[in-house]
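For reference, query-v7.csv (CSV, C-alpha atoms and all ligand atoms):
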chain,number,residue,atom,x,y,z
L,180,MET,CA,-0.1,18.3,22.6
L,181,LYS,CA,1.8,17.1,19.6
L,182,PHE,CA,2.1,13.6,21.2
L,183,ARG,CA,-1.7,13.5,22.0
L,184,SER,CA,-2.7,14.5,18.5
L,185,CYS,CA,-0.6,11.6,17.1
L,186,LEU,CA,-2.0,9.2,19.7
L,187,LEU,CA,-5.7,9.7,19.0
L,188,PRO,CA,-5.8,8.5,15.4
L,189,LEU,CA,-3.7,5.5,16.5
L,190,ILE,CA,-6.2,4.6,19.3
L,191,LEU,CA,-9.1,5.0,16.9
L,192,LEU,CA,-7.4,2.7,14.5
L,193,PHE,CA,-6.5,-0.1,16.9
L,194,VAL,CA,-9.5,-0.1,19.3
L,195,PRO,CA,-12.0,-1.2,16.7
L,196,ALA,CA,-9.6,-3.7,15.2
L,197,PHE,CA,-8.9,-5.2,18.6
L,198,LEU,CA,-12.7,-5.5,19.3
L,199,PHE,CA,-13.1,-7.2,16.0
L,200,VAL,CA,-10.4,-9.7,16.6
L,201,SER,CA,-11.4,-10.6,20.1
L,202,ALA,CA,-15.1,-11.0,19.6
L,203,PRO,CA,-16.3,-12.5,16.3
L,204,ARG,CA,-19.9,-11.9,15.8
L,205,SER,CA,-20.6,-14.8,13.6
L,206,LEU,CA,-19.3,-18.3,12.7
L,207,ARG,CA,-17.9,-17.1,9.5
L,208,GLN,CA,-15.8,-14.4,11.1
L,209,ALA,CA,-14.4,-16.9,13.6
L,210,ALA,CA,-13.9,-19.4,10.8
L,211,ASP,CA,-12.0,-16.9,8.6
L,212,SER,CA,-9.6,-16.3,11.5
L,213,ALA,CA,-9.2,-20.0,12.1
L,214,GLY,CA,-8.5,-20.6,8.4
L,215,VAL,CA,-11.4,-23.0,7.8
L,216,LEU,CA,-14.6,-22.9,5.8
L,217,VAL,CA,-17.9,-23.1,7.7
L,218,GLY,CA,-20.8,-24.1,5.6
L,219,THR,CA,-24.3,-25.4,5.3
L,220,ALA,CA,-26.7,-27.2,3.0
L,221,VAL,CA,-29.1,-24.7,1.3
L,222,ARG,CA,-32.6,-25.0,-0.1
L,223,PRO,CA,-33.1,-22.4,-2.8
L,224,ALA,CA,-36.9,-22.2,-2.2
L,225,LEU,CA,-36.2,-20.7,1.3
L,226,LEU,CA,-33.9,-17.9,0.1
L,227,SER,CA,-37.0,-15.7,-0.1
L,228,GLU,CA,-37.5,-16.0,3.7
L,229,ALA,CA,-35.7,-13.1,5.3
L,230,ALA,CA,-34.6,-14.8,8.4
L,231,TYR,CA,-33.3,-17.8,6.4
L,232,ALA,CA,-31.3,-15.7,4.0
L,233,GLY,CA,-30.1,-13.3,6.7
L,234,THR,CA,-28.8,-16.0,8.9
L,235,LEU,CA,-27.2,-17.9,6.0
L,236,ALA,CA,-25.3,-14.8,4.8
L,237,ARG,CA,-24.3,-13.7,8.2
L,238,GLU,CA,-23.0,-17.0,9.6
L,239,PHE,CA,-21.6,-19.0,6.7
L,240,ASN,CA,-18.8,-18.6,4.1
L,241,LEU,CA,-19.6,-21.9,2.3
L,242,ALA,CA,-22.9,-23.1,0.7
L,243,GLU,CA,-23.9,-26.4,-0.8
L,244,PRO,CA,-27.2,-27.0,-2.5
L,245,GLU,CA,-29.0,-29.7,-0.4
L,246,ASP,CA,-30.7,-31.3,-3.4
L,247,ALA,CA,-30.6,-28.8,-6.3
L,248,MET,CA,-27.5,-30.3,-7.9
L,249,LYS,CA,-28.7,-33.8,-7.8
L,250,TRP,CA,-29.8,-35.7,-10.9
L,251,TRP,CA,-33.5,-35.6,-10.0
L,252,VAL,CA,-33.5,-31.8,-9.9
L,253,LEU,CA,-31.1,-31.0,-12.7
L,254,ARG,CA,-32.5,-33.7,-14.9
L,255,ALA,CA,-36.2,-34.1,-14.0
L,256,HIS,CA,-36.9,-34.5,-17.7
L,257,THR,CA,-35.0,-36.7,-20.1
L,258,ASP,CA,-34.2,-34.1,-22.7
L,259,ASN,CA,-32.8,-31.1,-20.9
L,260,PHE,CA,-30.8,-29.9,-17.9
L,261,ASP,CA,-32.5,-27.5,-15.5
L,262,PHE,CA,-30.0,-25.4,-13.7
L,263,ARG,CA,-32.4,-22.8,-12.3
L,264,GLN,CA,-32.5,-23.9,-8.6
L,265,ALA,CA,-28.8,-24.6,-8.4
L,266,ASP,CA,-28.0,-21.3,-10.0
L,267,GLU,CA,-30.0,-19.5,-7.4
L,268,VAL,CA,-27.9,-21.0,-4.6
L,269,VAL,CA,-24.7,-20.1,-6.5
L,270,ARG,CA,-25.8,-16.5,-7.2
L,271,PHE,CA,-26.7,-16.1,-3.5
L,272,ALA,CA,-23.4,-17.4,-2.4
L,273,GLN,CA,-21.5,-15.2,-4.8
L,274,ALA,CA,-23.5,-12.1,-3.7
L,275,HIS,CA,-22.4,-12.8,-0.1
L,276,GLY,CA,-18.8,-13.8,-0.6
L,277,MET,CA,-19.4,-17.5,0.0
L,278,LYS,CA,-17.7,-20.5,-1.7
L,279,VAL,CA,-19.8,-23.3,-3.2
L,280,ARG,CA,-19.5,-27.0,-2.9
L,281,GLY,CA,-21.2,-29.2,-5.5
L,282,HIS,CA,-23.2,-32.3,-4.5
L,283,CYS,CA,-23.3,-34.8,-6.1
L,284,LEU,CA,-22.5,-36.1,-9.6
L,285,VAL,CA,-22.7,-39.9,-9.1
L,286,TRP,CA,-25.0,-41.5,-6.6
L,287,GLY,CA,-27.2,-44.6,-6.6
L,288,ARG,CA,-30.0,-42.6,-5.0
L,289,ASP,CA,-31.9,-39.4,-5.7
L,290,ASN,CA,-32.0,-40.1,-9.4
L,291,PRO,CA,-35.1,-39.4,-11.6
L,292,ASP,CA,-37.5,-42.2,-12.4
L,293,TRP,CA,-36.8,-42.0,-16.1
L,294,LEU,CA,-33.1,-42.9,-15.3
L,295,ALA,CA,-33.7,-45.4,-12.5
L,296,HIS,CA,-36.3,-47.4,-14.4
L,297,GLY,CA,-35.2,-46.6,-18.0
L,298,HIS,CA,-33.5,-50.0,-18.7
L,299,PHE,CA,-30.5,-48.4,-20.3
L,300,SER,CA,-27.5,-50.5,-21.4
L,301,PRO,CA,-24.0,-50.1,-19.8
L,302,PRO,CA,-22.7,-48.2,-22.9
L,303,GLN,CA,-25.7,-45.9,-22.8
L,304,LEU,CA,-25.2,-45.3,-19.0
L,305,ALA,CA,-21.5,-44.7,-19.5
L,306,GLN,CA,-22.2,-42.1,-22.2
L,307,MET,CA,-24.9,-40.4,-20.1
L,308,LEU,CA,-22.8,-40.3,-17.0
L,309,GLN,CA,-19.8,-38.8,-18.7
L,310,GLU,CA,-22.1,-36.2,-20.4
L,311,HIS,CA,-23.7,-35.4,-17.1
L,312,ILE,CA,-20.4,-34.9,-15.3
L,313,THR,CA,-19.0,-32.9,-18.1
L,314,LEU,CA,-21.9,-30.5,-18.7
L,315,VAL,CA,-22.6,-29.9,-15.0
L,316,MET,CA,-19.0,-29.3,-14.1
L,317,ARG,CA,-18.4,-27.0,-17.0
L,318,HIS,CA,-21.6,-25.1,-16.2
L,319,TYR,CA,-20.2,-24.3,-12.8
L,320,ALA,CA,-16.5,-24.2,-13.6
L,321,GLY,CA,-14.9,-21.4,-11.6
L,322,GLN,CA,-18.0,-21.1,-9.4
L,323,VAL,CA,-18.0,-24.5,-7.6
L,324,PHE,CA,-14.6,-25.0,-6.1
L,325,ALA,CA,-15.1,-28.6,-4.9
L,326,TRP,CA,-17.4,-31.5,-6.0
L,327,ASP,CA,-18.7,-34.6,-4.3
L,328,VAL,CA,-18.0,-36.6,-7.5
L,329,VAL,CA,-19.2,-39.9,-6.1
L,330,ASN,CA,-21.5,-40.3,-3.1
L,331,GLU,CA,-22.0,-43.3,-0.9
L,332,ALA,CA,-20.4,-46.0,-3.1
L,333,LEU,CA,-19.6,-48.4,-0.2
L,334,ASP,CA,-21.8,-50.5,2.2
L,335,GLU,CA,-21.2,-50.9,5.9
L,336,ASN,CA,-18.8,-53.8,5.3
L,337,GLY,CA,-16.7,-51.7,2.9
L,338,ASN,CA,-17.9,-53.5,-0.2
L,339,VAL,CA,-19.0,-51.6,-3.3
L,340,ARG,CA,-22.8,-51.1,-3.1
L,341,ASP,CA,-25.2,-52.2,-5.7
L,342,SER,CA,-26.3,-49.3,-7.8
L,343,ILE,CA,-27.3,-48.3,-11.3
L,344,TRP,CA,-23.8,-47.0,-11.9
L,345,TYR,CA,-21.9,-50.0,-10.6
L,346,ASN,CA,-23.8,-53.2,-11.4
L,347,GLN,CA,-27.5,-52.5,-12.0
L,348,PRO,CA,-26.5,-52.7,-14.8
L,349,GLY,CA,-23.6,-50.3,-14.4
L,350,ILE,CA,-21.4,-48.3,-16.8
L,351,GLY,CA,-19.6,-51.4,-18.0
L,352,LEU,CA,-17.4,-52.0,-14.9
L,353,SER,CA,-19.7,-54.3,-13.0
L,354,GLY,CA,-17.9,-56.6,-10.6
L,355,LYS,CA,-14.7,-54.5,-10.9
L,356,GLY,CA,-14.9,-52.9,-7.5
L,357,THR,CA,-14.1,-49.2,-7.4
L,358,ALA,CA,-13.2,-49.1,-11.1
L,359,TYR,CA,-16.5,-47.2,-11.8
L,360,VAL,CA,-15.6,-44.7,-9.1
L,361,GLU,CA,-12.2,-44.2,-10.7
L,362,ARG,CA,-13.8,-43.7,-14.1
L,363,ALA,CA,-16.1,-41.0,-12.7
L,364,PHE,CA,-13.1,-39.2,-11.1
L,365,ARG,CA,-11.2,-39.2,-14.3
L,366,TRP,CA,-14.1,-37.8,-16.3
L,367,ALA,CA,-14.5,-35.1,-13.6
L,368,HIS,CA,-10.9,-34.1,-13.8
L,369,GLU,CA,-11.2,-33.8,-17.6
L,370,ALA,CA,-14.3,-31.7,-17.2
L,371,ASP,CA,-12.9,-29.2,-14.8
L,372,PRO,CA,-9.2,-29.7,-14.0
L,373,LYS,CA,-9.3,-26.9,-11.4
L,374,ALA,CA,-12.1,-28.3,-9.2
L,375,LEU,CA,-11.3,-30.2,-6.1
L,376,LEU,CA,-12.6,-33.7,-6.4
L,377,PHE,CA,-14.1,-35.4,-3.3
L,378,TYR,CA,-15.3,-38.9,-2.4
L,379,ASN,CA,-18.3,-38.4,0.0
L,380,GLU,CA,-19.5,-41.0,2.4
L,381,ALA,CA,-21.8,-41.7,5.3
L,382,GLU,CA,-21.0,-43.7,8.5
L,383,GLY,CA,-17.3,-44.0,7.6
L,384,GLU,CA,-16.3,-41.2,9.9
L,385,GLY,CA,-14.8,-43.1,12.8
L,386,LEU,CA,-12.6,-46.2,12.6
L,387,ASN,CA,-14.7,-49.1,11.1
L,388,ARG,CA,-14.8,-51.4,8.1
L,389,LYS,CA,-16.3,-48.7,5.9
L,390,SER,CA,-13.7,-46.1,6.8
L,391,ASP,CA,-11.0,-48.7,6.2
L,392,ALA,CA,-12.4,-49.3,2.7
L,393,ILE,CA,-12.4,-45.5,2.1
L,394,TYR,CA,-8.8,-45.3,3.2
L,395,ALA,CA,-7.9,-48.2,0.9
L,396,LEU,CA,-9.7,-46.6,-2.0
L,397,VAL,CA,-7.9,-43.3,-1.5
L,398,LYS,CA,-4.5,-45.0,-1.1
L,399,ASP,CA,-5.0,-47.0,-4.3
L,400,PHE,CA,-6.1,-43.9,-6.2
L,401,LYS,CA,-3.2,-41.9,-5.0
L,402,THR,CA,-0.7,-44.7,-5.8
L,403,ARG,CA,-2.0,-45.0,-9.3
L,404,GLY,CA,-2.4,-41.2,-10.0
L,405,VAL,CA,-6.2,-41.2,-10.1
L,406,PRO,CA,-7.2,-37.6,-9.5
L,407,ILE,CA,-8.7,-37.3,-6.0
L,408,ASP,CA,-8.3,-34.3,-3.7
L,409,GLY,CA,-10.4,-35.1,-0.7
L,410,VAL,CA,-12.8,-37.1,1.4
L,411,GLY,CA,-16.1,-35.8,2.6
L,412,LEU,CA,-17.2,-37.1,5.9
L,413,GLN,CA,-21.0,-36.7,6.2
L,414,LEU,CA,-21.4,-37.0,9.9
L,415,HIS,CA,-25.1,-37.5,10.4
L,416,ILE,CA,-24.9,-38.3,14.1
L,417,SER,CA,-27.7,-40.0,15.9
L,418,SER,CA,-25.8,-41.4,18.9
L,419,LEU,CA,-24.9,-39.1,21.8
L,420,ASP,CA,-22.0,-41.6,22.5
L,421,PHE,CA,-20.3,-40.6,19.3
L,422,ASP,CA,-16.7,-41.7,19.2
L,423,LEU,CA,-14.7,-38.4,18.7
L,424,ALA,CA,-11.3,-40.1,19.2
L,425,GLY,CA,-12.1,-42.4,16.2
L,426,LEU,CA,-13.1,-39.5,14.1
L,427,ALA,CA,-9.8,-37.7,14.9
L,428,ALA,CA,-7.8,-40.8,14.1
L,429,ASN,CA,-9.6,-41.2,10.8
L,430,ILE,CA,-9.0,-37.6,9.8
L,431,THR,CA,-5.4,-37.9,10.7
L,432,ARG,CA,-4.8,-41.0,8.6
L,433,LEU,CA,-6.7,-39.5,5.6
L,434,ALA,CA,-4.7,-36.3,5.9
L,435,ALA,CA,-1.5,-38.3,5.9
L,436,LEU,CA,-2.4,-39.6,2.4
L,437,GLY,CA,-2.5,-35.9,1.3
L,438,MET,CA,-6.3,-35.7,1.4
L,439,GLN,CA,-8.3,-32.6,2.3
L,440,ILE,CA,-11.1,-33.6,4.6
L,441,HIS,CA,-14.4,-31.8,4.5
L,442,ILE,CA,-17.1,-32.4,7.1
L,443,THR,CA,-20.0,-32.3,4.7
L,444,GLU,CA,-23.3,-33.0,6.2
L,445,LEU,CA,-23.0,-32.6,10.0
L,446,ASP,CA,-26.1,-32.8,12.2
L,447,VAL,CA,-26.7,-34.3,15.6
L,448,SER,CA,-30.3,-35.4,15.9
L,449,LEU,CA,-32.1,-35.9,19.2
L,450,PRO,CA,-35.2,-37.8,20.3
L,451,VAL,CA,-38.2,-35.5,20.0
L,452,ASP,CA,-41.9,-35.8,21.0
L,453,SER,CA,-44.9,-35.4,18.6
L,454,LYS,CA,-44.6,-31.6,18.8
L,455,GLY,CA,-41.0,-31.7,17.8
L,456,SER,CA,-39.8,-30.7,21.3
L,457,VAL,CA,-36.7,-32.4,22.7
L,458,ILE,CA,-37.6,-35.2,25.1
L,459,HIS,CA,-34.5,-34.9,27.4
L,460,LYS,CA,-33.5,-31.3,27.9
L,461,GLU,CA,-29.9,-32.4,28.8
L,462,ASP,CA,-29.5,-33.8,25.3
L,463,LEU,CA,-29.0,-30.2,24.1
L,464,THR,CA,-25.9,-29.8,26.3
L,465,ARG,CA,-24.5,-33.2,25.1
L,466,GLN,CA,-25.3,-32.2,21.5
L,467,ALA,CA,-23.3,-29.0,22.0
L,468,GLU,CA,-20.3,-30.9,23.3
L,469,ILE,CA,-20.4,-33.2,20.3
L,470,TYR,CA,-20.5,-30.2,17.9
L,471,ARG,CA,-17.5,-28.7,19.9
L,472,GLY,CA,-15.6,-32.0,19.7
L,473,ILE,CA,-16.1,-32.2,15.9
L,474,VAL,CA,-14.9,-28.7,15.4
L,475,HIS,CA,-11.9,-29.5,17.6
L,476,ALA,CA,-11.1,-32.7,15.7
L,477,CYS,CA,-11.2,-30.8,12.4
L,478,LEU,CA,-9.1,-27.8,13.4
L,479,HIS,CA,-6.6,-30.2,14.9
L,480,SER,CA,-5.6,-31.5,11.5
L,481,PRO,CA,-4.4,-29.0,8.8
L,482,GLY,CA,-5.9,-31.3,6.2
L,483,CYS,CA,-9.4,-30.6,7.5
L,484,THR,CA,-10.5,-27.5,5.6
L,485,ALA,CA,-14.3,-27.3,5.8
L,486,ILE,CA,-17.0,-27.9,8.4
L,487,GLN,CA,-20.5,-27.9,7.0
L,488,THR,CA,-23.8,-28.7,8.6
L,489,TRP,CA,-26.8,-30.2,6.8
L,490,GLY,CA,-29.0,-27.1,7.1
L,491,PHE,CA,-28.8,-24.6,10.0
L,492,THR,CA,-32.3,-24.1,11.4
L,493,ASP,CA,-34.4,-26.8,13.1
L,494,LYS,CA,-37.3,-25.3,11.2
L,495,TYR,CA,-35.9,-27.0,8.0
L,496,SER,CA,-34.0,-30.2,8.4
L,497,TRP,CA,-34.2,-33.5,6.5
L,498,ILE,CA,-34.1,-35.4,9.9
L,499,GLY,CA,-37.8,-34.9,10.6
L,500,SER,CA,-39.1,-36.8,7.5
L,501,HIS,CA,-36.1,-39.1,7.5
L,502,SER,CA,-36.8,-40.3,11.0
L,503,ARG,CA,-40.6,-40.2,10.6
L,504,GLY,CA,-40.8,-37.4,13.2
L,505,VAL,CA,-39.1,-39.3,16.1
L,506,ARG,CA,-35.8,-37.3,15.9
L,507,GLY,CA,-35.1,-33.7,15.3
L,508,GLN,CA,-33.5,-30.5,16.8
L,509,ALA,CA,-30.3,-31.5,15.0
L,510,LEU,CA,-28.9,-28.1,14.0
L,511,LEU,CA,-27.3,-25.0,15.3
L,512,PHE,CA,-30.3,-22.7,15.3
L,513,ASP,CA,-33.8,-23.4,16.7
L,514,ARG,CA,-37.0,-23.0,14.7
L,515,GLY,CA,-37.1,-19.3,15.4
L,516,TYR,CA,-33.5,-18.8,14.2
L,517,GLN,CA,-32.2,-18.4,17.7
L,518,PRO,CA,-28.7,-19.8,18.3
L,519,LYS,CA,-28.7,-23.0,20.5
L,520,ALA,CA,-26.0,-24.2,22.9
L,521,ALA,CA,-24.5,-26.1,19.9
L,522,TYR,CA,-24.0,-22.8,18.1
L,523,SER,CA,-22.1,-21.3,21.1
L,524,SER,CA,-19.8,-24.3,21.4
L,525,VAL,CA,-19.0,-24.2,17.6
L,526,LEU,CA,-18.4,-20.5,17.8
L,527,GLU,CA,-16.2,-20.8,20.9
L,528,GLN,CA,-14.2,-23.7,19.4
L,529,LEU,CA,-13.7,-21.8,16.1
L,530,MET,CA,-12.4,-18.9,18.2
L,531,VAL,CA,-9.9,-21.2,19.9
L,532,GLY,CA,-8.6,-21.9,16.4
L,533,ARG,CA,-6.1,-24.4,15.1
L,534,ASN,CA,-3.1,-24.0,17.3
L,535,SER,CA,-4.5,-25.2,20.6
L,536,SER,CA,-4.8,-28.4,22.5
L,537,ARG,CA,-8.0,-27.2,24.2
I,601,LIG,C1,-31.1,-35.6,1.6
I,601,LIG,C2,-31.8,-34.3,1.6
I,601,LIG,O1,-31.5,-33.6,2.8
I,601,LIG,C3,-33.2,-34.4,1.5
I,601,LIG,O2,-33.8,-33.2,1.2
I,601,LIG,C4,-33.6,-35.4,0.3
I,601,LIG,O3,-34.9,-35.6,0.3
I,601,LIG,C5,-32.8,-36.7,0.4
I,601,LIG,O4,-31.5,-36.4,0.5
I,601,LIG,N1,-26.7,-38.2,2.4
I,601,LIG,C6,-26.5,-37.3,1.4
I,601,LIG,C7,-27.5,-36.2,1.1
I,601,LIG,O5,-25.5,-37.4,0.7
I,601,LIG,O6,-27.6,-35.9,-0.2
I,601,LIG,C8,-28.9,-36.6,1.7
I,601,LIG,O7,-29.7,-35.4,1.6
I,601,LIG,C9,-28.7,-37.0,3.1
I,601,LIG,C10,-27.9,-38.3,3.3
Please express the file's structure as structure tokens.
Ligand code: XIL
Amino acid sequence: MKFRSCLLPLILLFVPAFLFVSAPRSLRQAADSAGVLVGTAVRPALLSEAAYAGTLAREFNLAEPEDAMKWWVLRAHTDNFDFRQADEVVRFAQAHGMKVRGHCLVWGRDNPDWLAHGHFSPPQLAQMLQEHITLVMRHYAGQVFAWDVVNEALDENGNVRDSIWYNQPGIGLSGKGTAYVERAFRWAHEADPKALLFYNEAEGEGLNRKSDAIYALVKDFKTRGVPIDGVGLQLHISSLDFDLAGLAANITRLAALGMQIHITELDVSLPVDSKGSVIHKEDLTRQAEIYRGIVHACLHSPGCTAIQTWGFTDKYSWIGSHSRGVRGQALLFDRGYQPKAAYSSVLEQLMVGRNSSR
């Protein structure tokens, strides 16, 4: 009798705990166990849609404003900063125990017209950029744990891209390669010494000339003590032959330089018809395998600490307008917020965790 009365509370204690451990009910539960962040880009205007907000809070422990921290939103007008949209995302994340990534402080695109066509001089641009980095990072200090300081500075050959910040006319470092990127990282570190500082890039995920240039940039910065903590790999995938082995090798070499790697903008777009339906049904299975392989590649390296998709429901994705409607269905949930095969494969692979060769 005595024995049974001791046993019962023990059973009650362990049975629910066991169920919890063995069957995560969401990506974020599985990600917490695996020791990785699972995130998504967020549009503040959609937070009022119950299914959007509910899915976001249930599934993700990381959020990044899709556009709301870009120059054209924060600084639509010359004379003031407008933090309202970005603040909404940050408040939502805080209310639901999610971390926030900031995107992005320096980019040649998504700038307001008054800046892009303002004919500012290099000293004026330098002053404006330092002010921007400083004010934005201080506004979110302690709330945004990692920033994409510079986005897409390199072209497909690994050369520094033409941009308003580099050479059109630039901040005074035109023709000096990645010196303007370095300046931005130094300003960012001064603005918020606790934030993690990332270089974020597209199409430099596998092994190619661009990823070689990213590697060289990071190595140079590390050697000379330029503050950089990580590399963001965007991973907008449009080929179902995506080279997973190249991605794994690239993650490994960046991690060996002491970098954190964040997968920042993952989506796997498929050919769709004029109604937005997938043309080849089997593509959804292949898509799920690519998602699984990416989670596997990330979890395989201790340096890879976040996996983030660029939105989560096919109802709202940049791919539609970006591809003029010929591609779509790129995300983990369908238009009705139902999980797709890709969702199941991500969940399963997160449940496998970091210490497995599977
Ligand atoms: C895209 C957004 O998804 C769109 O809403 C916006 O109109 C254009 O920018 N690389 C990036 C992201 O770093 O900021 C881009 O986001 C997608 C490509």
Quiz prompt | Between atom CA of L:Arg514 and atom CA of L:Val457 - distance in Å to one decimal | solution =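 Separation between atom CA of L:Val457 and atom CA of L:Arg514: 12.3 Å.
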Quiz prompt | Atomic separation - atom CA of L:Asp327 relative to atom CA of L:Ala370, Å | solution =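 Straight-line distance from atom CA of L:Ala370 to atom CA of L:Asp327 works out to 13.9 Å.
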Quiz prompt | Site check for ligand LIG 601 (chain I): residues at most 9 Å away, all atoms listed in the file, as a PyMOL selection string | solution = chain L and resi 220+222+245-246+249+282-283+286+288-289+327+330-331+379-381+413+415+443-444+489-490+496-498+500-501
Quiz item: How many Å lie between atom CA of L:Ala476 and atom CA of L:Gly499, rounded to one decimal?
Solution: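 One can read the atom CA of L:Ala476 to atom CA of L:Gly499 distance as 27.3 Å.
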Exercise. Find the residues near L:Thr488: any atom within 6 Å, counting all atoms listed in the file, skip ones fewer than 3 places away on the same chain, and give them as an MDAnalysis selection string.
Key: chainID L and resid 219 444:446
Quiz item: Can you list, as a PyMOL selection string, every protein, DNA or RNA residue that comes within 10 Å of stretch 343-357 of chain L when you count only C-alpha atoms, leaving out same-chain residues fewer than 3 positions away?
Solution: chain L and resi 285-288+290+294-296+298-309+332-333+338-340+360-363+396+399-400
Exercise. With a distance cut-off of 7 Å and all atoms listed in the file, select the neighbouring residues of stretch 461-467 of chain L, excluding the residue or stretch itself and same-chain residues fewer than 2 positions from it, and output the selection as a list of chain:residue names.
Key: L:Leu419, L:Val447, L:Leu449, L:His459, L:Ile469, L:Tyr470, L:Arg471, L:Ala520, L:Ala521, L:Ser524
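Using only C-alpha atoms, the smallest distance between any of L:Gly515, L:Pro450, L:Gly472, L:Pro481 and L:Gln528 comes from L:Gly472.
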Exercise. Can you work out which one of L:Lys398, L:Lys460, L:Lys454, L:Arg388 has the shortest atom-to-atom distance to L:Gly504, counting only C-alpha atoms?
Key: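 Closest candidate: L:Lys454.
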Exercise. For each of L:Asp292, L:Asp493, L:Asp371, L:Glu243, take the minimum atom-to-atom distance to L:Lys278, counting only C-alpha atoms, then give the residue where this is smallest.
Key: L:Glu243
Exercise. Using only C-alpha atoms, pick whichever of L:Asp422, L:Asp211, L:Glu384, L:Glu335 has the shortest atom-to-atom distance to L:Gly276.
Key: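 Of L:Asp422, L:Asp211, L:Glu384, L:Glu335, the one nearest L:Gly276 is L:Asp211, counting only C-alpha atoms.
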